[in-house]
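Visitor: Pasting final_16.pdb below, which is PDB, C-alpha atoms.
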ATOM      1  CA  MET A   1      -0.586  19.576 -35.512
ATOM      2  CA  ILE A   2       2.304  21.770 -34.332
ATOM      3  CA  GLU A   3       4.557  20.207 -31.701
ATOM      4  CA  LEU A   4       6.494  22.161 -29.078
ATOM      5  CA  LYS A   5       9.089  21.047 -26.562
ATOM      6  CA  VAL A   6       7.967  20.981 -22.956
ATOM      7  CA  GLU A   7       9.167  23.834 -20.762
ATOM      8  CA  THR A   8       9.114  23.283 -17.030
ATOM      9  CA  LYS A   9       8.749  26.873 -15.829
ATOM     10  CA  LYS A  10       5.719  27.123 -13.545
ATOM     11  CA  ILE A  11       3.548  30.202 -13.079
ATOM     12  CA  ASN A  12       0.750  31.075 -10.718
ATOM     13  CA  THR A  13      -2.695  30.423 -12.195
ATOM     14  CA  GLN A  14      -4.603  30.551  -8.898
ATOM     15  CA  ASN A  15      -6.490  33.643 -10.081
ATOM     16  CA  LYS A  16      -7.946  31.720 -13.014
ATOM     17  CA  LYS A  17     -11.043  29.577 -12.689
ATOM     18  CA  VAL A  18     -10.508  26.123 -14.149
ATOM     19  CA  GLY A  19     -13.158  23.652 -15.218
ATOM     20  CA  VAL A  20     -12.518  20.015 -16.099
ATOM     21  CA  ILE A  21     -14.559  17.786 -18.374
ATOM     22  CA  VAL A  22     -13.870  14.071 -18.005
ATOM     23  CA  PHE A  23     -15.244  11.455 -20.367
ATOM     24  CA  ASN A  24     -16.220   8.414 -18.334
ATOM     25  CA  TYR A  25     -14.581   5.056 -18.777
ATOM     26  CA  ASN A  26     -17.154   2.360 -18.075
ATOM     27  CA  ASN A  27     -14.813  -0.214 -16.609
ATOM     28  CA  ASN A  28     -15.207  -1.142 -12.944
ATOM     29  CA  SER A  29     -11.934  -3.068 -12.631
ATOM     30  CA  ASP A  30     -10.310  -2.553  -9.248
ATOM     31  CA  LEU A  31      -7.119  -0.484  -9.268
ATOM     32  CA  LEU A  32      -5.971  -0.521  -5.635
ATOM     33  CA  GLY A  33      -9.493   0.102  -4.328
ATOM     34  CA  LEU A  34     -10.614   2.566  -7.016
ATOM     35  CA  THR A  35     -11.953   2.428 -10.555
ATOM     36  CA  CYS A  36     -10.391   4.472 -13.349
ATOM     37  CA  ASN A  37     -13.162   7.068 -13.004
ATOM     38  CA  GLU A  38     -12.477   7.370  -9.280
ATOM     39  CA  TRP A  39      -8.771   7.929  -9.849
ATOM     40  CA  LEU A  40      -9.657  10.858 -12.142
ATOM     41  CA  LYS A  41     -12.052  12.238  -9.507
ATOM     42  CA  ILE A  42      -9.144  12.388  -7.087
ATOM     43  CA  ALA A  43      -6.850  14.003  -9.667
ATOM     44  CA  THR A  44      -9.435  16.706 -10.453
ATOM     45  CA  ILE A  45     -10.680  17.326  -6.907
ATOM     46  CA  ASN A  46      -9.351  20.914  -6.892
ATOM     47  CA  TYR A  47     -11.483  21.959  -9.872
ATOM     48  CA  GLU A  48     -15.126  22.117 -10.846
ATOM     49  CA  THR A  49     -15.412  18.855 -12.727
ATOM     50  CA  LYS A  50     -18.075  17.356 -14.945
ATOM     51  CA  PHE A  51     -18.049  13.635 -15.791
ATOM     52  CA  ILE A  52     -19.936  12.764 -18.969
ATOM     53  CA  ASP A  53     -20.486   9.714 -21.150
ATOM     54  CA  TYR A  54     -19.044   9.759 -24.652
ATOM     55  CA  ASP A  55     -21.710   9.792 -27.377
ATOM     56  CA  ILE A  56     -20.468   8.008 -30.497
ATOM     57  CA  LYS A  57     -23.127   9.818 -32.564
ATOM     58  CA  LEU A  58     -21.531  13.217 -31.928
ATOM     59  CA  SER A  59     -18.090  14.603 -32.643
ATOM     60  CA  LEU A  60     -15.730  15.000 -29.710
ATOM     61  CA  GLU A  61     -15.538  18.772 -30.279
ATOM     62  CA  ASN A  62     -19.310  19.198 -30.208
ATOM     63  CA  GLN A  63     -19.599  17.204 -26.994
ATOM     64  CA  ILE A  64     -16.923  19.318 -25.346
ATOM     65  CA  ILE A  65     -18.524  22.584 -26.457
ATOM     66  CA  SER A  66     -21.970  21.500 -25.295
ATOM     67  CA  HIS A  67     -20.652  20.703 -21.780
ATOM     68  CA  LEU A  68     -18.470  23.751 -21.184
ATOM     69  CA  ILE A  69     -18.237  25.045 -17.623
ATOM     70  CA  ASN A  70     -18.260  28.757 -16.862
ATOM     71  CA  CYS A  71     -14.519  29.202 -16.312
ATOM     72  CA  ASP A  72     -11.352  30.779 -17.723
ATOM     73  CA  ILE A  73      -9.568  27.557 -18.673
ATOM     74  CA  THR A  74     -11.030  24.173 -19.546
ATOM     75  CA  VAL A  75      -9.232  20.848 -19.303
ATOM     76  CA  VAL A  76     -10.644  17.835 -21.139
ATOM     77  CA  LEU A  77      -9.537  14.380 -20.005
ATOM     78  CA  PHE A  78     -10.487  10.735 -20.422
ATOM     79  CA  ALA A  79     -10.935   8.454 -17.426
ATOM     80  CA  PHE A  80      -9.059   5.626 -19.146
ATOM     81  CA  ASN A  81      -5.905   7.558 -18.127
ATOM     82  CA  PRO A  82      -5.909   6.818 -14.361
ATOM     83  CA  LEU A  83      -2.202   7.640 -13.933
ATOM     84  CA  LEU A  84      -2.863  11.356 -14.340
ATOM     85  CA  THR A  85      -2.321  13.329 -11.144
ATOM     86  CA  SER A  86      -3.370  16.740  -9.871
ATOM     87  CA  GLU A  87       0.235  17.864 -10.411
ATOM     88  CA  ASP A  88       0.066  16.809 -14.067
ATOM     89  CA  ILE A  89      -3.140  18.768 -14.612
ATOM     90  CA  ALA A  90      -1.704  21.869 -12.923
ATOM     91  CA  PHE A  91       1.313  21.634 -15.203
ATOM     92  CA  TYR A  92      -0.838  21.544 -18.381
ATOM     93  CA  ILE A  93      -2.753  24.597 -17.182
ATOM     94  CA  ASP A  94       0.478  26.465 -16.449
ATOM     95  CA  TYR A  95       1.895  25.405 -19.802
ATOM     96  CA  LEU A  96      -1.077  26.911 -21.642
ATOM     97  CA  SER A  97      -0.870  30.147 -19.643
ATOM     98  CA  TYR A  98       2.939  30.504 -19.772
ATOM     99  CA  LYS A  99       2.969  30.028 -23.540
ATOM    100  CA  ASP A 100      -0.122  32.235 -23.873
ATOM    101  CA  LEU A 101      -1.745  29.647 -26.134
ATOM    102  CA  ASP A 102      -5.401  29.275 -27.007
ATOM    103  CA  VAL A 103      -5.510  25.477 -27.280
ATOM    104  CA  VAL A 104      -3.151  22.653 -26.393
ATOM    105  CA  LYS A 105      -3.855  19.125 -27.611
ATOM    106  CA  LEU A 106      -2.952  16.426 -25.105
ATOM    107  CA  PRO A 107      -2.375  12.786 -26.107
ATOM    108  CA  TYR A 108      -5.960  12.254 -24.901
ATOM    109  CA  GLY A 109      -7.881  15.471 -24.381
ATOM    110  CA  TYR A 110      -7.284  19.223 -24.475
ATOM    111  CA  VAL A 111      -6.540  22.262 -22.359
ATOM    112  CA  PHE A 112      -7.789  25.583 -23.722
ATOM    113  CA  LYS A 113      -9.014  29.078 -23.015
ATOM    114  CA  THR A 114     -12.731  28.662 -22.646
ATOM    115  CA  ASP A 115     -13.699  31.983 -24.250
ATOM    116  CA  TYR A 116     -11.611  31.189 -27.313
ATOM    117  CA  ILE A 117     -13.472  27.937 -27.965
ATOM    118  CA  LYS A 118     -16.814  29.605 -27.293
ATOM    119  CA  ARG A 119     -16.004  32.178 -29.970
ATOM    120  CA  THR A 120     -14.381  30.011 -32.628
ATOM    121  CA  LYS A 121     -16.017  26.627 -31.978
ATOM    122  CA  SER A 122     -12.759  25.276 -33.352
ATOM    123  CA  PHE A 123      -9.907  22.979 -32.246
ATOM    124  CA  LYS A 124      -7.990  23.338 -35.527
ATOM    125  CA  GLU A 125      -4.179  23.106 -35.464
ATOM    126  CA  PRO A 126      -3.670  23.143 -31.716
ATOM    127  CA  ILE A 127      -0.225  22.975 -30.180
ATOM    128  CA  MET A 128       0.576  19.345 -29.319
ATOM    129  CA  PHE A 129       1.802  18.362 -25.865
ATOM    130  CA  ASN A 130       3.080  14.783 -25.794
ATOM    131  CA  GLY A 131       3.305  14.393 -22.053
ATOM    132  CA  ILE A 132       6.005  12.539 -20.160
ATOM    133  CA  ALA A 133       6.537   9.022 -18.835
ATOM    134  CA  ASN A 134       3.307   6.994 -18.886
ATOM    135  CA  GLU A 135       0.860   9.529 -17.442
ATOM    136  CA  PHE A 136      -1.343   9.092 -20.525
ATOM    137  CA  LEU A 137      -1.217   5.306 -20.498
ATOM    138  CA  LYS A 138      -4.559   4.139 -21.895
ATOM    139  CA  VAL A 139      -5.836   1.398 -19.604
ATOM    140  CA  ASP A 140      -7.969  -0.503 -22.064
ATOM    141  CA  ASN A 141      -6.317  -3.941 -22.026
ATOM    142  CA  LYS A 142      -4.800  -6.335 -19.495
ATOM    143  CA  GLN A 143      -1.215  -5.427 -20.271
ATOM    144  CA  ASN A 144      -1.790  -1.714 -19.665
ATOM    145  CA  PHE A 145      -3.958  -2.476 -16.643
ATOM    146  CA  ASP A 146      -1.057  -4.410 -15.132
ATOM    147  CA  VAL A 147       1.311  -1.511 -15.847
ATOM    148  CA  ALA A 148      -1.080   1.005 -14.248
ATOM    149  CA  TYR A 149      -1.574  -1.283 -11.254
ATOM    150  CA  ALA A 150       2.177  -1.498 -10.678
ATOM    151  CA  VAL A 151       2.661   2.281 -11.014
ATOM    152  CA  LEU A 152      -0.188   3.129  -8.633
ATOM    153  CA  LYS A 153       0.931   0.462  -6.159
ATOM    154  CA  GLU A 154       4.410   2.008  -6.074
ATOM    155  CA  ARG A 155       3.004   5.536  -5.690
ATOM    156  CA  ILE A 156       0.885   4.523  -2.703
ATOM    157  CA  ILE A 157       3.743   2.738  -0.947
ATOM    158  CA  ASN A 158       6.187   5.580  -1.646
ATOM    159  CA  ASN A 159       3.712   8.026  -0.137
ATOM    160  CA  HIS A 160       3.561   5.941   3.043
ATOM    161  CA  ILE A 161       7.359   5.771   3.159
ATOM    162  CA  LYS A 162       7.506   9.573   2.953
ATOM    163  CA  ASN A 163       5.084   9.673   5.896
ATOM    164  CA  GLY A 164       7.365   7.545   8.064
ATOM    165  CA  VAL A 165       6.160   3.985   7.492
ATOM    166  CA  ASN A 166       8.928   1.375   7.556
ATOM    167  CA  PHE A 167       8.679  -1.360   4.910
ATOM    168  CA  ILE A 168      10.958  -4.390   5.208
ATOM    169  CA  ASP A 169      10.051  -5.119   1.581
ATOM    170  CA  THR A 170       7.991  -2.973  -0.767
ATOM    171  CA  SER A 171       7.521  -5.232  -3.776
ATOM    172  CA  SER A 172       5.311  -7.873  -2.136
ATOM    173  CA  ASN A 173       2.956  -5.595  -0.192
ATOM    174  CA  ILE A 174      -0.339  -4.322  -1.630
ATOM    175  CA  ILE A 175      -2.029  -1.321  -0.025
ATOM    176  CA  HIS A 176      -5.228   0.254  -1.303
ATOM    177  CA  TYR A 177      -5.730   3.980  -1.724
ATOM    178  CA  PHE A 178      -7.943   4.740   1.295
ATOM    179  CA  VAL A 179      -5.763   2.915   3.845
ATOM    180  CA  GLU A 180      -4.384   5.245   6.544
ATOM    181  CA  ILE A 181      -1.057   4.374   8.144
ATOM    182  CA  GLN A 182       0.637   6.511  10.779
ATOM    183  CA  SER A 183       4.380   7.006  11.047
ATOM    184  CA  GLY A 184       6.289   4.463  13.093
ATOM    185  CA  VAL A 185       4.445   1.442  11.657
ATOM    186  CA  THR A 186       6.591  -1.476  10.451
ATOM    187  CA  ILE A 187       5.315  -3.679   7.630
ATOM    188  CA  TYR A 188       6.947  -6.984   6.678
ATOM    189  CA  PRO A 189       6.486  -8.706   3.272
ATOM    190  CA  PHE A 190       3.281 -10.124   1.779
ATOM    191  CA  ASN A 191       0.679  -7.957   3.466
ATOM    192  CA  LEU A 192      -2.586  -7.105   1.721
ATOM    193  CA  ILE A 193      -4.231  -4.038   3.301
ATOM    194  CA  THR A 194      -7.525  -2.862   1.822
ATOM    195  CA  GLY A 195     -10.672  -0.822   2.381
ATOM    196  CA  LYS A 196     -10.769   1.964   4.957
ATOM    197  CA  THR A 197      -8.235   0.363   7.246
ATOM    198  CA  LYS A 198      -6.467   2.602   9.774
ATOM    199  CA  ILE A 199      -3.178   1.572  11.353
ATOM    200  CA  LEU A 200      -1.852   3.596  14.292
ATOM    201  CA  SER A 201       1.744   4.306  15.259
ATOM    202  CA  GLY A 202       3.926   1.502  16.568
ATOM    203  CA  VAL A 203       1.988  -1.342  14.926
ATOM    204  CA  THR A 204       4.035  -4.211  13.497
ATOM    205  CA  LEU A 205       2.572  -6.257  10.684
ATOM    206  CA  LYS A 206       4.573  -9.432  10.352
ATOM    207  CA  ASP A 207       4.480 -11.203   7.002
ATOM    208  CA  GLY A 208       1.404 -12.697   5.379
ATOM    209  CA  ASN A 209      -1.565 -10.722   6.732
ATOM    210  CA  THR A 210      -4.821  -9.771   5.052
ATOM    211  CA  ILE A 211      -6.312  -6.671   6.691
ATOM    212  CA  GLU A 212      -9.607  -5.183   5.478
ATOM    213  CA  ASN A 213     -11.710  -2.279   6.846
ATOM    214  CA  SER A 214     -10.155  -2.571  10.290
ATOM    215  CA  LEU A 215      -8.576  -0.416  12.994
ATOM    216  CA  LEU A 216      -5.236  -1.555  14.380
ATOM    217  CA  ASP A 217      -4.483   0.418  17.533
ATOM    218  CA  SER A 218      -0.995   1.482  18.551
ATOM    219  CA  ASN A 219       1.780  -1.048  19.226
ATOM    220  CA  CYS A 220      -0.199  -4.167  18.358
ATOM    221  CA  VAL A 221       1.505  -7.019  16.469
ATOM    222  CA  ILE A 222      -0.228  -9.106  13.802
ATOM    223  CA  ALA A 223       1.231 -12.180  12.076
ATOM    224  CA  LYS A 224      -0.083 -14.346   9.213
ATOM    225  CA  SER A 225      -3.718 -13.624  10.030
ATOM    226  CA  VAL A 226      -6.914 -12.455   8.346
ATOM    227  CA  ILE A 227      -8.626  -9.481   9.986
ATOM    228  CA  ARG A 228     -11.810  -7.998   8.528
ATOM    229  CA  ASN A 229     -14.133  -5.295   9.869
ATOM    230  CA  SER A 230     -12.519  -5.519  13.301
ATOM    231  CA  LYS A 231     -10.672  -3.499  15.930
ATOM    232  CA  ILE A 232      -7.440  -4.756  17.410
ATOM    233  CA  GLY A 233      -6.555  -2.980  20.647
ATOM    234  CA  SER A 234      -3.313  -1.308  21.637
ATOM    235  CA  GLY A 235      -0.543  -3.706  22.625
ATOM    236  CA  THR A 236      -2.455  -6.790  21.513
ATOM    237  CA  ILE A 237      -0.548  -9.647  19.865
ATOM    238  CA  VAL A 238      -2.283 -11.746  17.219
ATOM    239  CA  SER A 239      -0.249 -14.886  16.563
ATOM    240  CA  PRO A 240      -0.158 -16.630  13.156
ATOM    241  CA  PHE A 241      -3.103 -18.339  11.473
ATOM    242  CA  ASN A 242      -6.020 -16.526  13.076
ATOM    243  CA  THR A 243      -9.169 -15.367  11.303
ATOM    244  CA  ILE A 244     -10.895 -12.415  12.993
ATOM    245  CA  ILE A 245     -14.100 -11.029  11.447
ATOM    246  CA  ASN A 246     -16.445  -8.363  12.898
ATOM    247  CA  CYS A 247     -14.698  -8.497  16.262
ATOM    248  CA  VAL A 248     -13.365  -6.161  18.939
ATOM    249  CA  ILE A 249     -10.152  -7.337  20.564
ATOM    250  CA  GLU A 250      -9.371  -4.981  23.416
ATOM    251  CA  ASN A 251      -5.986  -3.754  24.648
ATOM    252  CA  ASP A 252      -3.058  -5.950  25.704
ATOM    253  CA  CYS A 253      -4.550  -9.271  24.671
ATOM    254  CA  LEU A 254      -2.698 -12.349  23.412
ATOM    255  CA  ILE A 255      -4.474 -14.296  20.691
ATOM    256  CA  LYS A 256      -2.648 -17.570  20.129
ATOM    257  CA  SER A 257      -2.698 -19.435  16.818
ATOM    258  CA  TYR A 258      -5.430 -21.167  14.794
ATOM    259  CA  ASN A 259      -8.503 -19.369  16.144
ATOM    260  CA  GLN A 260     -11.675 -18.574  14.216
ATOM    261  CA  LEU A 261     -13.332 -15.497  15.737
ATOM    262  CA  GLU A 262     -16.467 -13.839  14.382
ATOM    263  CA  ASN A 263     -18.901 -11.293  15.871
ATOM    264  CA  CYS A 264     -17.289 -11.411  19.294
ATOM    265  CA  LYS A 265     -15.458  -9.256  21.826
ATOM    266  CA  ILE A 266     -12.326 -10.231  23.714
ATOM    267  CA  GLU A 267     -11.875  -8.269  26.951
ATOM    268  CA  LYS A 268      -8.643  -6.415  27.664
ATOM    269  CA  GLN A 269      -5.600  -8.315  28.947
ATOM    270  CA  SER A 270      -7.137 -11.634  27.943
ATOM    271  CA  THR A 271      -5.213 -14.631  26.647
ATOM    272  CA  LEU A 272      -7.003 -16.790  24.095
ATOM    273  CA  GLU A 273      -5.514 -20.219  23.660
ATOM    274  CA  SER A 274      -5.224 -21.884  20.257
ATOM    275  CA  PHE A 275      -7.854 -23.777  18.242
ATOM    276  CA  ASN A 276     -10.979 -21.915  19.366
ATOM    277  CA  ASN A 277     -14.024 -21.311  17.232
ATOM    278  CA  ILE A 278     -15.978 -18.406  18.751
ATOM    279  CA  GLY A 279     -19.014 -16.669  17.270
ATOM    280  CA  ASN A 280     -20.926 -17.583  14.125
TER     281      ASN A 280
END
Any chance you could put this one into structure tokens?
Guide:
Amino acid sequence: MIELKVETKKINTQNKKVGVIVFNYNNNSDLLGLTCNEWLKIATINYETKFIDYDIKLSLENQIISHLINCDITVVLFAFNPLLTSEDIAFYIDYLSYKDLDVVKLPYGYVFKTDYIKRTKSFKEPIMFNGIANEFLKVDNKQNFDVAYAVLKERIINNHIKNGVNFIDTSSNIIHYFVEIQSGVTIYPFNLITGKTKILSGVTLKDGNTIENSLLDSNCVIAKSVIRNSKIGSGTIVSPFNTIINCVIENDCLIKSYNQLENCKIEKQSTLESFNNIGN
């Protein structure tokens, strides 16, 4: 294969229709709330995308040709590369167009002019693009899974920082992909925030919380507690060592320590003393 140096000049390919073929990766390991396949679905959301299973009885080229999408440019990827982003894919497309190439071989996959492959049925001697950093990290073992986990974890937290979230420490917090956090939120160390949690402006998460599929309204304060499938009202304070599951805690409440709350509602401006067991 011929190898070329990467050029960073970007051109406009918006007038070209792009199709993406992704070979599935049948591994359901959790990478910050998503599987590898789901990370590729997000990366390819701007294009018509077809996910297919790899057939070991057929050559890779034949499988690609048999699943071509009606488009100007085709990108072929593998879902065991979950670190790929939409920006990466746009760059490969621009690279092909800027160089006016027919086929570019990626470390895993291809980008090519669809009509060319339809005519020639050939991937012979494509230009090789080696990629940069670890975008083509193949997540097929624990070591690489751990690397991908760390990279994606950092990306998610950095995105929240750009959106105005204040982290006292970034290394010890874990936030899943679908979590929404508004600007003006302060997050202390050792928080695990998962599912479709939404955290509104002014919230303070003290250290050591586990928050899952919950809504934290503005200006509430949570410390060393477990909150699942619940709503915590604006201005409410949840003291350390509470477990709150399937509950609605209304505005301006004070929940003191060591309570077990499940399937219950606490009315606004209430004070709940410590060591209660309410609900199931």
Visitor: Take the PyMOL selection byres ((chain A and resi 135-149) around 12), run it mentally on this structure, and tell me the resulting residues as a ChimeraX atom specification.
Guide: /A:25-37,39-40,43,77-89,106-109,129-134,150-156,174-177
Visitor: So that I can see what lies close to range 203-217 of chain A, please list as a ChimeraX atom specification the residues with an atom at most 8 Å from it, counting all atoms listed in the file and leaving out residues fewer than 3 positions away in the same chain.
Guide: /A:184-200,220-235
Visitor: Mind dumping the selected residues with C-alpha atoms as a compact mmCIF listing (two decimals), keeping the file's coordinate frame?
Guide:
# COMPACT_ATOMS: atom_id res chain seq x y z
CA GLY A 184 6.29 4.46 13.09
CA VAL A 185 4.44 1.44 11.66
CA THR A 186 6.59 -1.48 10.45
CA ILE A 187 5.32 -3.68 7.63
CA TYR A 188 6.95 -6.98 6.68
CA PRO A 189 6.49 -8.71 3.27
CA PHE A 190 3.28 -10.12 1.78
CA ASN A 191 0.68 -7.96 3.47
CA LEU A 192 -2.59 -7.10 1.72
CA ILE A 193 -4.23 -4.04 3.30
CA THR A 194 -7.52 -2.86 1.82
CA GLY A 195 -10.67 -0.82 2.38
CA LYS A 196 -10.77 1.96 4.96
CA THR A 197 -8.24 0.36 7.25
CA LYS A 198 -6.47 2.60 9.77
CA ILE A 199 -3.18 1.57 11.35
CA LEU A 200 -1.85 3.60 14.29
CA CYS A 220 -0.20 -4.17 18.36
CA VAL A 221 1.50 -7.02 16.47
CA ILE A 222 -0.23 -9.11 13.80
CA ALA A 223 1.23 -12.18 12.08
CA LYS A 224 -0.08 -14.35 9.21
CA SER A 225 -3.72 -13.62 10.03
CA VAL A 226 -6.91 -12.46 8.35
CA ILE A 227 -8.63 -9.48 9.99
CA ARG A 228 -11.81 -8.00 8.53
CA ASN A 229 -14.13 -5.30 9.87
CA SER A 230 -12.52 -5.52 13.30
CA LYS A 231 -10.67 -3.50 15.93
CA ILE A 232 -7.44 -4.76 17.41
CA GLY A 233 -6.56 -2.98 20.65
CA SER A 234 -3.31 -1.31 21.64
CA GLY A 235 -0.54 -3.71 22.62
Visitor: What's the 7 Å shell around Ile266 in chain A, counting only C-alpha atoms, without same-chain residues fewer than 4 positions away, as a CSV table (one decimal) with C-alpha atoms, in the frame of the given file?
Guide:
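And here is the file that came out, around-v2.csv:
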chain,number,residue,atom,x,y,z
A,248,VAL,CA,-13.4,-6.2,18.9
A,249,ILE,CA,-10.2,-7.3,20.6
A,250,GLU,CA,-9.4,-5.0,23.4
A,270,SER,CA,-7.1,-11.6,27.9
Visitor: Which is closer to Ile181 in chain A than all the others in A:Pro240, A:Asp169, A:Asn159, A:Val103, using only C-alpha atoms?
Guide: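 Residue with the minimum atom-to-atom distance to Ile181 in chain A: A:Asn159.
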Visitor: Find the distance between CA of Leu261 in chain A and CA of Thr243 in chain A and write it in Å to one decimal.
Guide: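 About the pair CA of Leu261 in chain A and CA of Thr243 in chain A: they are 6.1 Å apart.
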Visitor: Interatomic distance between CA of Phe91 in chain A and CA of Ile157 in chain A?
Guide: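 Separation between CA of Phe91 in chain A and CA of Ile157 in chain A: 23.8 Å.
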Visitor: Counting all atoms listed in the file, which residues have an atom no more than 12 Å from (-6.9, 24.1, -1.4) in the file's coordinates? Please list them as a VMD selection string.
Guide: chain A and resid 14 44 to 47 86
Visitor: Print the selection's residues with C-alpha atoms to a file, as a tab-separated table (two decimals), in the frame of the given file.
Guide:
chain	number	residue	atom	x	y	z
A	14	GLN	CA	-4.60	30.55	-8.90
A	44	THR	CA	-9.44	16.71	-10.45
A	45	ILE	CA	-10.68	17.33	-6.91
A	46	ASN	CA	-9.35	20.91	-6.89
A	47	TYR	CA	-11.48	21.96	-9.87
A	86	SER	CA	-3.37	16.74	-9.87
Visitor: How many Å lie between CA of Val165 in chain A and CA of Glu180 in chain A, rounded to one decimal?
Guide: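 Taking CA of Val165 in chain A and CA of Glu180 in chain A, their separation equals 10.7 Å.
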Visitor: Report as number ranges by chain the residues that result from applying the PyMOL selection byres ((chain A and resi 256) around 10) to the structure here.
Guide: A: 237-242, 253-255, 257-259, 271-276
Visitor: Which of these residues is nearest to Phe51 in chain A, using all atoms listed in the file: A:Ile21, A:Val111, A:Ile65, A:Ile73?
Guide: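 Of A:Ile21, A:Val111, A:Ile65, A:Ile73, the one nearest Phe51 in chain A, counting all atoms listed in the file, is A:Ile21.
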Visitor: Within 7 Å of (6.9, 6.1, 9.1) (coordinates as in the file), grab all the protein and nucleic acid residues, counting only C-alpha atoms, and write them out as a VMD selection string.
Guide: chain A and resid 160 to 161 163 to 166 182 to 185
Visitor: Taking all atoms of range 226-231 of chain A that the file lists and extending 6 Å past them on each side, where is the centre of the axis-aligned box and how long are its edges? Answer in Å to one decimal, as AutoDock Vina command-line options.
Guide:
--center_x -10.5 --center_y -8.0 --center_z 12.1 --size_x 19.2 --size_y 21.0 --size_z 19.6
